[in-house]
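File shown here: protein.cif, holding mmCIF, C-alpha atoms and all ligand atoms.
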```cif
data_coords
#
loop_
_atom_site.label_atom_id
_atom_site.label_comp_id
_atom_site.auth_asym_id
_atom_site.auth_seq_id
_atom_site.Cartn_x
_atom_site.Cartn_y
_atom_site.Cartn_z
CA MET A 11 -6.78 22.43 20.30
CA ALA A 12 -8.47 24.64 17.66
CA LEU A 13 -11.81 26.42 17.87
CA ALA A 14 -14.29 26.52 15.00
CA GLN A 15 -17.53 28.46 14.91
CA GLY A 16 -20.01 25.59 14.70
CA GLY A 17 -23.16 27.70 15.07
CA ASN A 18 -24.45 29.13 18.32
CA ARG A 19 -21.28 28.25 20.17
CA PRO A 20 -17.67 27.57 19.26
CA VAL A 21 -16.84 23.89 18.90
CA ALA A 22 -13.52 22.67 20.28
CA LEU A 23 -11.71 20.62 17.64
CA ARG A 24 -9.03 18.30 18.91
CA PRO A 25 -6.15 17.35 16.64
CA PRO A 26 -6.58 13.84 15.21
CA ARG A 27 -5.19 10.79 16.98
CA SER A 28 -5.98 8.39 14.15
CA ALA A 29 -4.59 7.82 10.68
CA TYR A 30 -5.80 5.95 7.60
CA LEU A 31 -3.26 4.87 4.96
CA HIS A 32 -4.46 3.75 1.55
CA ILE A 33 -2.57 1.06 -0.38
CA PRO A 34 -4.32 1.02 -3.75
CA PHE A 35 -2.86 -2.12 -5.34
CA CYS A 36 -4.93 -5.21 -6.06
CA HIS A 37 -4.35 -8.24 -8.23
CA ARG A 38 -7.55 -7.49 -10.15
CA ARG A 39 -10.65 -5.34 -9.72
CA CYS A 40 -13.59 -7.23 -8.24
CA PHE A 41 -16.84 -6.87 -10.19
CA TYR A 42 -18.60 -4.79 -7.55
CA CYS A 43 -15.68 -2.55 -6.52
CA ASP A 44 -15.40 1.18 -7.20
CA PHE A 45 -12.61 1.85 -4.68
CA PRO A 46 -9.55 3.77 -5.83
CA VAL A 47 -7.46 0.76 -6.82
CA VAL A 48 -4.64 -0.06 -9.24
CA PRO A 49 -5.01 -3.61 -10.61
CA LEU A 50 -1.57 -5.17 -11.16
CA GLY A 51 -2.47 -8.63 -12.46
CA ASP A 52 -2.79 -11.96 -10.72
CA ARG A 53 0.98 -12.53 -10.54
CA ALA A 54 1.77 -9.14 -8.97
CA SER A 55 4.11 -9.08 -5.98
CA ALA A 56 6.23 -6.54 -4.12
CA ALA A 57 9.34 -8.72 -4.59
CA GLN A 58 11.97 -6.97 -6.68
CA GLY A 59 11.64 -7.67 -10.39
CA GLU A 60 8.13 -9.13 -10.08
CA PRO A 61 5.15 -7.57 -11.92
CA GLY A 62 4.01 -4.40 -10.17
CA SER A 63 7.01 -4.14 -7.84
CA ARG A 64 8.31 -0.86 -9.33
CA SER A 65 4.88 0.69 -9.21
CA ILE A 66 4.47 -0.31 -5.56
CA ALA A 67 7.92 1.01 -4.59
CA LEU A 68 7.31 4.36 -6.32
CA TYR A 69 3.93 4.77 -4.67
CA LEU A 70 5.36 4.05 -1.23
CA GLU A 71 7.93 6.79 -1.73
CA GLN A 72 5.11 9.21 -2.52
CA LEU A 73 3.05 8.03 0.44
CA ARG A 74 5.95 8.40 2.86
CA GLY A 75 6.66 11.85 1.45
CA GLU A 76 3.07 12.86 2.08
CA ILE A 77 3.29 11.68 5.68
CA ARG A 78 6.57 13.56 6.21
CA ALA A 79 5.04 16.79 4.87
CA SER A 80 1.82 16.57 6.89
CA ALA A 81 0.79 18.89 9.72
CA PRO A 82 2.05 17.99 13.18
CA GLY A 83 -0.15 16.34 15.78
CA PRO A 84 -0.17 14.23 18.93
CA PRO A 85 0.76 10.52 19.03
CA LEU A 86 -1.69 8.24 17.24
CA SER A 87 -4.03 5.88 19.11
CA THR A 88 -5.27 4.10 15.99
CA VAL A 89 -3.77 3.37 12.57
CA TYR A 90 -5.62 1.60 9.76
CA ILE A 91 -3.77 0.39 6.65
CA GLY A 92 -6.47 -0.37 4.10
CA GLY A 93 -6.91 -0.69 0.38
CA GLY A 94 -6.76 -2.12 -2.10
CA THR A 95 -4.82 -5.13 -0.94
CA PRO A 96 -2.18 -4.02 1.58
CA SER A 97 -1.04 -7.65 1.89
CA LEU A 98 0.61 -7.20 -1.53
CA LEU A 99 3.28 -5.23 0.39
CA SER A 100 6.30 -6.97 1.88
CA VAL A 101 6.92 -7.01 5.61
CA GLU A 102 9.75 -4.49 5.15
CA GLN A 103 7.43 -2.11 3.25
CA ILE A 104 4.76 -2.23 5.96
CA GLN A 105 7.50 -1.70 8.55
CA ALA A 106 8.82 1.34 6.66
CA VAL A 107 5.39 2.94 6.34
CA LEU A 108 4.68 2.43 10.05
CA ALA A 109 8.12 3.82 10.93
CA GLU A 110 7.36 6.94 8.87
CA LEU A 111 4.10 7.46 10.69
CA SER A 112 5.71 6.81 14.03
CA GLN A 113 8.44 9.34 13.28
CA ARG A 114 5.91 12.01 12.28
CA TYR A 115 3.43 11.54 15.12
CA GLY A 116 4.57 8.76 17.40
CA LEU A 117 2.35 5.83 18.35
CA ALA A 118 0.58 6.05 21.69
CA GLU A 119 1.02 3.26 24.21
CA GLY A 120 -1.37 0.44 23.27
CA ALA A 121 -2.24 1.95 19.86
CA GLU A 122 -4.50 -0.19 17.66
CA VAL A 123 -2.73 -0.90 14.34
CA THR A 124 -4.98 -2.63 11.80
CA LEU A 125 -3.90 -4.15 8.49
CA GLU A 126 -6.35 -5.34 5.83
CA LEU A 127 -5.43 -8.75 4.46
CA ASP A 128 -6.85 -10.55 1.48
CA PRO A 129 -6.91 -14.38 1.58
CA ALA A 130 -4.49 -15.93 -0.94
CA SER A 131 -2.29 -12.82 -0.98
CA PHE A 132 -0.16 -13.73 2.06
CA ASP A 133 1.16 -16.75 3.91
CA LEU A 134 1.86 -17.59 7.54
CA ALA A 135 5.47 -16.32 7.44
CA ARG A 136 4.30 -12.99 5.99
CA LEU A 137 1.59 -12.66 8.64
CA GLN A 138 4.12 -13.25 11.40
CA GLY A 139 6.38 -10.61 9.86
CA TYR A 140 3.55 -8.06 9.79
CA LEU A 141 2.85 -8.76 13.46
CA ARG A 142 6.51 -8.28 14.36
CA ALA A 143 6.42 -4.98 12.42
CA GLY A 144 3.76 -3.65 14.82
CA VAL A 145 0.42 -4.73 13.36
CA ASN A 146 -1.85 -5.97 16.17
CA ARG A 147 -5.25 -6.19 14.47
CA VAL A 148 -6.19 -7.73 11.11
CA SER A 149 -9.23 -7.25 8.91
CA LEU A 150 -9.65 -10.27 6.62
CA GLY A 151 -11.63 -9.72 3.40
CA GLY A 152 -13.40 -13.08 3.21
CA GLN A 153 -16.69 -11.91 1.61
CA SER A 154 -18.16 -15.42 1.17
CA PHE A 155 -17.53 -19.10 1.98
CA ASP A 156 -19.11 -20.15 -1.30
CA ASP A 157 -16.73 -20.65 -4.24
CA ALA A 158 -19.49 -20.06 -6.81
CA VAL A 159 -20.31 -16.72 -5.17
CA LEU A 160 -16.63 -15.71 -4.98
CA GLU A 161 -16.36 -16.48 -8.69
CA ARG A 162 -19.44 -14.35 -9.45
CA LEU A 163 -17.97 -11.48 -7.41
CA GLY A 164 -14.75 -11.59 -9.43
CA ARG A 165 -12.71 -12.46 -6.33
CA ARG A 166 -9.38 -14.23 -6.73
CA HIS A 167 -9.42 -16.25 -3.51
CA ARG A 168 -11.48 -19.35 -2.73
CA ARG A 169 -13.09 -20.81 0.40
CA SER A 170 -10.03 -22.96 1.17
CA ASP A 171 -7.82 -19.80 1.15
CA LEU A 172 -10.21 -18.06 3.53
CA LEU A 173 -10.30 -21.02 5.94
CA GLU A 174 -6.52 -21.33 5.93
CA ALA A 175 -6.00 -17.60 6.56
CA ALA A 176 -8.58 -17.65 9.36
CA GLN A 177 -6.76 -20.54 11.06
CA TRP A 178 -3.48 -18.59 10.98
CA LEU A 179 -5.22 -15.61 12.56
CA ARG A 180 -6.85 -17.77 15.21
CA SER A 181 -3.56 -19.30 16.22
CA ALA A 182 -1.81 -15.89 16.25
CA GLN A 183 -4.54 -14.59 18.54
CA ARG A 184 -4.32 -17.68 20.75
CA ASP A 185 -0.54 -17.14 21.07
CA ALA A 186 -1.16 -13.47 21.98
CA GLN A 187 0.75 -12.25 18.90
CA LEU A 188 -2.44 -10.72 17.52
CA ARG A 189 -4.80 -8.67 19.67
CA SER A 190 -7.91 -9.01 17.52
CA TRP A 191 -9.14 -9.78 14.01
CA SER A 192 -12.20 -9.17 11.94
CA LEU A 193 -13.85 -11.07 9.11
CA ASP A 194 -15.63 -9.18 6.30
CA LEU A 195 -18.64 -10.81 4.65
CA ILE A 196 -21.10 -9.53 2.05
CA GLN A 197 -24.71 -10.11 2.99
CA SER A 198 -26.97 -9.08 0.10
CA LEU A 199 -25.38 -11.02 -2.73
CA PRO A 200 -26.85 -11.66 -6.17
CA GLY A 201 -29.29 -14.56 -5.87
CA ALA A 202 -29.13 -14.47 -2.03
CA ASP A 203 -31.73 -16.29 0.05
CA LEU A 204 -32.18 -16.71 3.77
CA ALA A 205 -31.12 -20.37 3.91
CA HIS A 206 -27.89 -19.73 1.99
CA TRP A 207 -27.06 -16.73 4.18
CA ALA A 208 -27.84 -18.66 7.38
CA ALA A 209 -25.30 -21.29 6.28
CA GLN A 210 -22.73 -18.55 5.65
CA LEU A 211 -23.25 -17.15 9.13
CA GLU A 212 -22.81 -20.59 10.71
CA GLN A 213 -19.46 -20.99 8.96
CA ALA A 214 -18.35 -17.55 10.15
CA ILE A 215 -19.39 -18.27 13.75
CA ALA A 216 -17.53 -21.58 13.65
CA LEU A 217 -14.29 -19.64 13.02
CA ALA A 218 -15.00 -17.42 16.07
CA PRO A 219 -13.61 -14.15 14.69
CA PRO A 220 -13.67 -11.58 17.53
CA HIS A 221 -15.18 -9.05 15.10
CA LEU A 222 -17.41 -9.31 12.03
CA SER A 223 -18.14 -6.64 9.42
CA ILE A 224 -21.22 -7.56 7.39
CA TYR A 225 -21.87 -5.35 4.38
CA ASP A 226 -24.71 -4.93 1.96
CA LEU A 227 -23.59 -4.97 -1.62
CA ILE A 228 -24.19 -1.57 -3.18
CA LEU A 229 -24.38 -1.15 -6.93
CA GLU A 230 -21.72 1.45 -7.78
CA PRO A 231 -21.48 3.37 -11.05
CA GLY A 232 -18.80 2.20 -13.47
CA THR A 233 -18.54 -1.34 -12.06
CA VAL A 234 -19.00 -4.62 -13.93
CA PHE A 235 -22.01 -5.26 -11.69
CA GLU A 236 -23.64 -2.02 -12.79
CA ARG A 237 -23.31 -3.04 -16.43
CA MET A 238 -24.67 -6.51 -15.66
CA GLU A 239 -27.63 -5.00 -13.87
CA ALA A 240 -28.36 -2.70 -16.80
CA ARG A 241 -28.45 -5.78 -19.08
CA GLY A 242 -30.76 -7.58 -16.65
CA ASP A 243 -28.04 -10.13 -15.78
CA LEU A 244 -27.84 -9.38 -12.07
CA ALA A 245 -30.53 -10.12 -9.51
CA LEU A 246 -29.70 -8.30 -6.28
CA PRO A 247 -32.06 -8.75 -3.29
CA GLY A 248 -34.80 -6.15 -2.99
CA ASP A 249 -35.34 -3.96 0.09
CA ASP A 250 -37.54 -6.49 1.89
CA LEU A 251 -35.15 -9.39 1.46
CA SER A 252 -32.18 -7.16 2.41
CA ALA A 253 -33.98 -6.18 5.61
CA ASP A 254 -34.77 -9.85 6.36
CA LEU A 255 -31.12 -10.78 5.79
CA MET A 256 -29.99 -8.09 8.21
CA GLU A 257 -32.50 -9.18 10.83
CA LEU A 258 -31.29 -12.74 10.49
CA THR A 259 -27.68 -11.58 10.88
CA ALA A 260 -28.42 -9.48 13.96
CA GLN A 261 -30.41 -12.25 15.65
CA ARG A 262 -27.98 -15.06 14.88
CA LEU A 263 -24.89 -13.06 15.88
CA ALA A 264 -26.54 -11.80 19.08
CA GLY A 265 -27.19 -15.47 19.93
CA ALA A 266 -23.49 -16.20 19.33
CA GLY A 267 -22.37 -13.44 21.73
CA TYR A 268 -21.67 -10.60 19.31
CA GLY A 269 -22.77 -7.06 20.15
CA HIS A 270 -24.21 -5.04 17.23
CA TYR A 271 -22.32 -1.81 17.89
CA GLU A 272 -22.71 -0.23 14.43
CA ILE A 273 -24.98 -0.86 11.48
CA SER A 274 -22.48 -3.16 9.69
CA ASN A 275 -20.30 -4.19 12.61
CA TYR A 276 -20.52 -6.83 15.32
CA ALA A 277 -17.98 -7.62 18.03
CA GLN A 278 -17.38 -9.92 20.94
CA PRO A 279 -16.96 -7.95 24.20
CA GLY A 280 -13.83 -5.79 24.10
CA HIS A 281 -13.25 -6.24 20.34
CA ALA A 282 -15.11 -3.27 18.79
CA SER A 283 -12.76 -1.50 16.38
CA ARG A 284 -11.40 1.66 17.99
CA HIS A 285 -10.46 3.06 14.59
CA ASN A 286 -13.94 2.56 13.13
CA ARG A 287 -15.45 4.32 16.12
CA VAL A 288 -13.42 7.41 15.23
CA TYR A 289 -15.14 7.61 11.82
CA TRP A 290 -18.61 7.38 13.34
CA SER A 291 -18.01 9.60 16.35
CA GLY A 292 -17.35 12.74 14.31
CA ALA A 293 -13.75 12.93 15.62
CA GLY A 294 -11.08 13.75 13.04
CA TRP A 295 -8.44 11.55 11.41
CA TRP A 296 -5.47 11.95 9.10
CA GLY A 297 -5.72 10.27 5.72
CA PHE A 298 -2.76 9.51 3.43
CA GLY A 299 -2.47 8.07 -0.04
CA MET A 300 -4.25 7.97 -3.38
CA GLY A 301 -8.01 8.22 -2.93
CA ALA A 302 -7.76 8.36 0.88
CA THR A 303 -10.36 10.35 2.75
CA ALA A 304 -9.06 12.53 5.54
CA ALA A 305 -11.02 14.57 8.03
CA PRO A 306 -8.41 16.16 10.27
CA TRP A 307 -10.84 18.77 11.58
CA GLY A 308 -14.14 16.92 11.12
CA GLN A 309 -15.06 17.77 7.53
CA ARG A 310 -14.08 15.16 4.95
CA GLN A 311 -11.57 15.79 2.14
CA SER A 312 -10.64 13.18 -0.45
CA ARG A 313 -7.30 12.78 -2.19
CA PRO A 314 -7.34 12.24 -6.00
CA ARG A 315 -8.36 8.73 -7.02
CA THR A 316 -5.77 8.00 -9.75
CA ARG A 317 -1.99 7.61 -9.60
CA ASP A 318 -1.26 10.53 -11.91
CA ALA A 319 -3.69 12.90 -10.23
CA TYR A 320 -2.37 11.96 -6.81
CA ALA A 321 1.24 12.55 -7.94
CA GLN A 322 0.22 15.95 -9.32
CA TRP A 323 -1.63 16.81 -6.11
CA LEU A 324 1.50 16.02 -4.09
CA GLN A 325 3.58 18.21 -6.36
CA ASP A 326 1.19 21.09 -5.94
CA SER A 327 2.07 20.96 -2.23
CA PRO A 328 -1.28 21.08 -0.49
CA GLU A 329 -1.47 23.47 2.42
CA PRO A 330 -0.47 21.31 5.41
CA ILE A 331 -2.52 23.16 7.99
CA GLU A 332 -6.16 23.37 7.13
CA PRO A 333 -8.68 25.73 8.69
CA PRO A 334 -10.87 24.04 11.28
CA ARG A 335 -14.22 23.11 9.73
CA PRO A 336 -16.48 20.85 11.77
CA MET A 337 -18.46 18.06 10.13
CA PRO A 338 -21.86 19.39 9.00
CA PHE A 339 -25.05 18.49 10.86
CA ASP A 340 -26.54 16.06 8.32
CA GLU A 341 -23.32 14.03 8.17
CA ARG A 342 -22.98 13.97 11.94
CA VAL A 343 -26.53 12.66 12.30
CA MET A 344 -25.97 10.08 9.56
CA VAL A 345 -22.82 8.65 11.10
CA GLY A 346 -24.35 8.90 14.58
CA LEU A 347 -27.44 6.91 13.64
CA ARG A 348 -25.24 4.08 12.37
CA ARG A 349 -24.12 3.46 15.95
CA ARG A 350 -26.07 1.63 18.63
CA GLU A 351 -25.92 4.65 20.95
CA GLY A 352 -27.45 6.97 18.31
CA VAL A 353 -27.21 10.79 18.52
CA ALA A 354 -28.07 13.61 20.91
CA LEU A 355 -30.04 15.50 18.28
CA ALA A 356 -30.66 18.85 20.00
CA GLU A 357 -27.08 19.06 21.24
CA LEU A 358 -25.76 18.42 17.71
CA ALA A 359 -28.14 21.04 16.31
CA LEU A 360 -26.81 23.57 18.80
CA ASP A 361 -23.20 22.73 17.86
CA CYS A 362 -23.96 23.09 14.16
CA GLY A 363 -26.15 26.20 14.31
CA VAL A 364 -29.38 24.44 13.30
CA ALA A 365 -32.39 26.29 14.75
CA ILE A 366 -34.78 24.26 16.91
CA PRO A 367 -37.89 25.09 14.75
CA ALA A 368 -36.01 23.65 11.77
CA LEU A 369 -35.32 20.54 13.82
CA ASP A 370 -39.05 20.22 14.53
CA ALA A 371 -39.62 19.86 10.79
CA LEU A 372 -37.20 16.91 10.75
CA LYS A 373 -38.95 15.32 13.73
CA ARG A 374 -42.30 15.60 11.91
CA ARG A 375 -40.79 13.78 8.92
CA TRP A 376 -39.54 11.06 11.27
CA GLN A 377 -42.86 10.72 13.15
CA GLY A 378 -43.96 7.67 11.14
CA PHE A 379 -40.70 5.84 11.94
CA LEU A 380 -41.18 6.64 15.65
CA GLU A 381 -44.71 5.21 15.55
CA ARG A 382 -43.51 2.02 13.84
CA GLY A 383 -40.75 1.58 16.43
CA LEU A 384 -37.98 1.85 13.84
CA LEU A 385 -36.66 5.03 15.41
CA LEU A 386 -36.48 5.43 19.19
CA GLN A 387 -36.27 8.60 21.27
CA GLU A 388 -34.73 8.00 24.69
CA GLY A 389 -34.29 11.24 26.63
CA ASN A 390 -32.24 13.51 24.39
CA ARG A 391 -30.89 10.63 22.28
CA TRP A 392 -32.32 9.29 19.03
CA ARG A 393 -31.36 5.87 17.72
CA LEU A 394 -32.48 3.20 15.27
CA SER A 395 -34.01 0.09 16.84
CA ASP A 396 -32.06 -3.14 16.43
CA PRO A 397 -32.56 -4.96 14.13
CA GLU A 398 -35.71 -3.49 12.48
CA GLY A 399 -34.66 0.17 12.41
CA LEU A 400 -31.06 -0.56 11.39
CA ALA A 401 -32.34 -2.83 8.60
CA LEU A 402 -34.52 0.00 7.24
CA SER A 403 -32.07 2.81 8.00
CA ASN A 404 -32.01 3.97 4.37
CA ALA A 405 -35.60 5.22 4.57
CA VAL A 406 -34.87 7.17 7.77
CA LEU A 407 -31.70 8.67 6.36
CA ARG A 408 -33.43 9.58 3.09
CA GLU A 409 -35.88 11.76 5.06
CA LEU A 410 -32.94 13.39 6.82
CA LEU A 411 -31.19 14.19 3.53
CA ASP A 412 -34.38 15.48 1.88
CA TRP A 413 -35.07 17.71 4.87
CA TRP A 414 -31.48 18.97 4.86
CA SER A 415 -31.46 19.84 1.14
CA GLU A 416 -34.89 21.52 1.31
CA ARG A 417 -33.68 23.50 4.30
CA ALA A 418 -30.59 24.61 2.37
CA ALA A 419 -32.74 25.62 -0.61
CA GLY A 420 -35.59 27.34 1.21
CA PRO A 421 -35.98 30.27 3.63
CA GLN A 422 -34.75 29.63 7.18
CA PRO A 423 -37.27 29.77 10.03
CA SER A 424 -36.23 32.32 12.63
CA PRO A 425 -35.04 30.84 15.93
S1 LIG B 1 -9.79 -6.77 -3.37
FE1 LIG B 1 -11.06 -5.20 -2.38
S2 LIG B 1 -10.21 -3.23 -3.01
FE2 LIG B 1 -9.36 -4.80 -4.39
S3 LIG B 1 -10.74 -4.77 -6.13
FE3 LIG B 1 -11.51 -6.36 -4.75
S4 LIG B 1 -13.02 -5.30 -3.44
FE4 LIG B 1 -11.82 -3.72 -4.48
#
```
So that I can check it, write out the structure of this file as C-alpha cells.
Ligand code: SF4
Amino acid sequence: MALAQGGNRPVALRPPRSAYLHIPFCHRRCFYCDFPVVPLGDRASAAQGEPGSRSIALYLEQLRGEIRASAPGPPLSTVYIGGGTPSLLSVEQIQAVLAELSQRYGLAEGAEVTLELDPASFDLARLQGYLRAGVNRVSLGGQSFDDAVLERLGRRHRRSDLLEAAQWLRSAQRDAQLRSWSLDLIQSLPGADLAHWAAQLEQAIALAPPHLSIYDLILEPGTVFERMEARGDLALPGDDLSADLMELTAQRLAGAGYGHYEISNYAQPGHASRHNRVYWSGAGWWGFGMGATAAPWGQRQSRPRTRDAYAQWLQDSPEPIEPPRPMPFDERVMVGLRRREGVALAELALDCGVAIPALDALKRRWQGFLERGLLLQEGNRWRLSDPEGLALSNAVLRELLDWWSERAAGPQPSP
C-alpha cells in the first residue's frame, strides 16, 4: 500500500485489483463515435489472411508487451476487455491476452471477466469459445431495436442480429456458462420521442438482460453527427425531453425489477457490474492498450489514441511505477454523484485538502437544487434524487465545475 498526501491527512492508496484492456478495431466507425478506434472494413476478421488480421496480430503483440512490462500488483478481481469491437478477436487471441494478464497479476478466485461483444461480429461457437477461455460476463452493444435508427447511427448490425445474440447469451446464462450479461441501449436518439423509447424499453425487458446500460447520446467533436448537426441535419432531443426520457427509463425499469445503481446503469439484484463500480468508487485500475485510460493510483492517465503514437509511447518505455496521486476532489465528487449512494462530501474534502469554508461556497451554489429536491443531503452524504436529480445531473455538475475552476483561479479562503 502507498501513501499520498491528499490534503490534511495522508490517503492510503491500495494497488489496483482491476484492469481495462482496449481492443481498438471496428468494422467501421459509427456516426456518433469518437472512441480511439481503428476501422478495418466490413469484411475484417482476425482469421489469418483476412483483411485486418495482420494489424490485429501486431497490435496484440504490443498490448501483451505492455502488460508484461507493467508494474507488479495483487491478483485482479475484475477485468474488462472493451473497445472498439473485441469480438473481432478470435477465441485464441482472447485466451492469449487473458493468459498474459493472469501471468502478470493472477486472477483472484471468482474474478469478474467482462468482454464487450457487438451483434453480427460473432456467432454461437465463438461465444462458447470465449466463455471457455475465461470470460464470464458479456456486455452486448445493442444500441437500438429499430433498424432505421441503427442505419442512422451508422451501425453495421440489425435488430435480427441483436435478438439472435441476446438469445445465445440467455441460453448461456441459463446453462450457467455465463454469470451475467448486459445490454447497451442509447436513449436520446435523433428524432426520439417518448412512445418510441417506451417501445424500445419493452423489447429490452422482454429479453430479461440481468444488466442494462442506458446512455444519452453526446455530440462529440470530429464525428459525422457533429457535422450533421452543424448543417442542421440532426435533431437531438433537448434537455427537457432528455430528462423525460430518463425518468421514463428509471420508472419502467424499476417496475421491471431493475435497481438504478448508477446514472446510466440498471441491474437485477446481484448483477451490478463490479468493474464499473471501481471506476465510480475512486479506486484505481490498470489500463492497457491504445487510447486506454488507466488510473493505477486514482488520477487518470490516457494512452495515445492512434496506432503510431501508441507504438512510439511503448518504445519510449514509460516509467512502470508511477508516483501515487489521488483523484482530485472535483472528479471524486463527479463520479460519486453518478452513484445511487452519492458522496460523503466533508470526508472527501478532508481527504483532498479542500477547506470547509470553500465547501460552503459550493453548498450555496447547490442550494437551489436542494430546495427543488434534485439534490438530497442525508446525514453526511449528498446524492442526486432518482429519477429527477439524476436526469438533471448536468446542471448540478456544472455548478460543481464552475465552483472548482473559480476556486483554482481565485484566492483561497483560510481554513
Ligand atoms: S462499434 Fe462501438 S467503438 Fe466501434 S465505432 Fe461503433 S460505437 Fe465506436
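Residue neighbourhood of region 88-92 of chain A, excluding near-sequence residues (fewer than 5 positions): Arg27, Ser28, Ala29, Tyr30, Leu31, His32, Ile33, Ala121, Glu122, Val123, Thr124, Leu125, Glu126, Arg284 and His285 of chain A, at 8 Å, using all atoms listed in the file.
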Find the residues near region 78-83 of chain A: any atom within 8 Å, counting all atoms listed in the file, skip ones fewer than 3 places away on the same chain, and give them as a list in words. Pro25, Pro26, Arg27, Arg74, Gly75, Glu110, Leu111, Arg114, Tyr115, Pro330 and Ile331 of chain A
So which residues are near ligand LIG 1 (chain B), meaning at most 9 Å away with all atoms listed in the file counted, given back as a list in words? Pro34, Phe35, Cys36, His37, Arg38, Arg39, Cys40, Phe41, Tyr42, Cys43, Asp44, Phe45, Pro46, Val47, Val48, Pro49, Gly92, Gly93, Gly94, Thr95, Asp128, Gly151, Leu163, Gly164, Arg165 and Arg166 of chain A
Please, could you write that set of residues out with C-alpha atoms as a PDB file, in the coordinates of the input?
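Listing of selection.pdb after writing:
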```pdb
ATOM      1  CA  PRO A  34      -4.320   1.020  -3.750  1.00  0.00           C
ATOM      2  CA  PHE A  35      -2.860  -2.120  -5.340  1.00  0.00           C
ATOM      3  CA  CYS A  36      -4.930  -5.210  -6.060  1.00  0.00           C
ATOM      4  CA  HIS A  37      -4.350  -8.240  -8.230  1.00  0.00           C
ATOM      5  CA  ARG A  38      -7.550  -7.490 -10.150  1.00  0.00           C
ATOM      6  CA  ARG A  39     -10.650  -5.340  -9.720  1.00  0.00           C
ATOM      7  CA  CYS A  40     -13.590  -7.230  -8.240  1.00  0.00           C
ATOM      8  CA  PHE A  41     -16.840  -6.870 -10.190  1.00  0.00           C
ATOM      9  CA  TYR A  42     -18.600  -4.790  -7.550  1.00  0.00           C
ATOM     10  CA  CYS A  43     -15.680  -2.550  -6.520  1.00  0.00           C
ATOM     11  CA  ASP A  44     -15.400   1.180  -7.200  1.00  0.00           C
ATOM     12  CA  PHE A  45     -12.610   1.850  -4.680  1.00  0.00           C
ATOM     13  CA  PRO A  46      -9.550   3.770  -5.830  1.00  0.00           C
ATOM     14  CA  VAL A  47      -7.460   0.760  -6.820  1.00  0.00           C
ATOM     15  CA  VAL A  48      -4.640  -0.060  -9.240  1.00  0.00           C
ATOM     16  CA  PRO A  49      -5.010  -3.610 -10.610  1.00  0.00           C
ATOM     17  CA  GLY A  92      -6.470  -0.370   4.100  1.00  0.00           C
ATOM     18  CA  GLY A  93      -6.910  -0.690   0.380  1.00  0.00           C
ATOM     19  CA  GLY A  94      -6.760  -2.120  -2.100  1.00  0.00           C
ATOM     20  CA  THR A  95      -4.820  -5.130  -0.940  1.00  0.00           C
ATOM     21  CA  ASP A 128      -6.850 -10.550   1.480  1.00  0.00           C
ATOM     22  CA  GLY A 151     -11.630  -9.720   3.400  1.00  0.00           C
ATOM     23  CA  LEU A 163     -17.970 -11.480  -7.410  1.00  0.00           C
ATOM     24  CA  GLY A 164     -14.750 -11.590  -9.430  1.00  0.00           C
ATOM     25  CA  ARG A 165     -12.710 -12.460  -6.330  1.00  0.00           C
ATOM     26  CA  ARG A 166      -9.380 -14.230  -6.730  1.00  0.00           C
TER      27      ARG A 166
END
```
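Once region 236-253 of chain A and its same-chain neighbours fewer than 4 positions away are set aside, Phe41, Tyr42, Gln197, Ser198, Leu199, Pro200, Gly201, Ala202, Asp203, Leu204, Asp226, Leu227, Ile228, Leu229, Glu230, Pro231, Gly232, Glu257, Leu258, Thr259, Pro397, Glu398, Gly399, Leu400, Ala401, Leu402, Ser403 and Asn404 of chain A remain within 10 Å of it when counting only C-alpha atoms.
For the set A:Leu173, A:Leu86, A:Ala54, A:Leu160, the residue with the smallest atom-to-atom gap to Val288 (chain A) is A:Leu86, counting only C-alpha atoms.
Using only C-alpha atoms for every distance, the candidate list A:Met256, A:Ala319, A:Val343, A:Leu188 yields A:Val343 as the residue closest to Arg408 (chain A).
As for CA of Leu73 (chain A) and CA of Ser192 (chain A), they are spaced 25.7 Å apart.
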Report as a ChimeraX atom specification all protein, DNA and RNA residues lying within 7 Å of Leu98 (chain A), evaluated on only C-alpha atoms, omitting residues in the same chain fewer than 5 positions from it. /A:55-56,131
Work out how far CA of Ala304 (chain A) is from CA of Glu119 (chain A), in Å to one decimal. 23.2 Å
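The gap separating CA of Pro338 (chain A) from CA of Gly363 (chain A) is 9.6 Å, in Å to one decimal.
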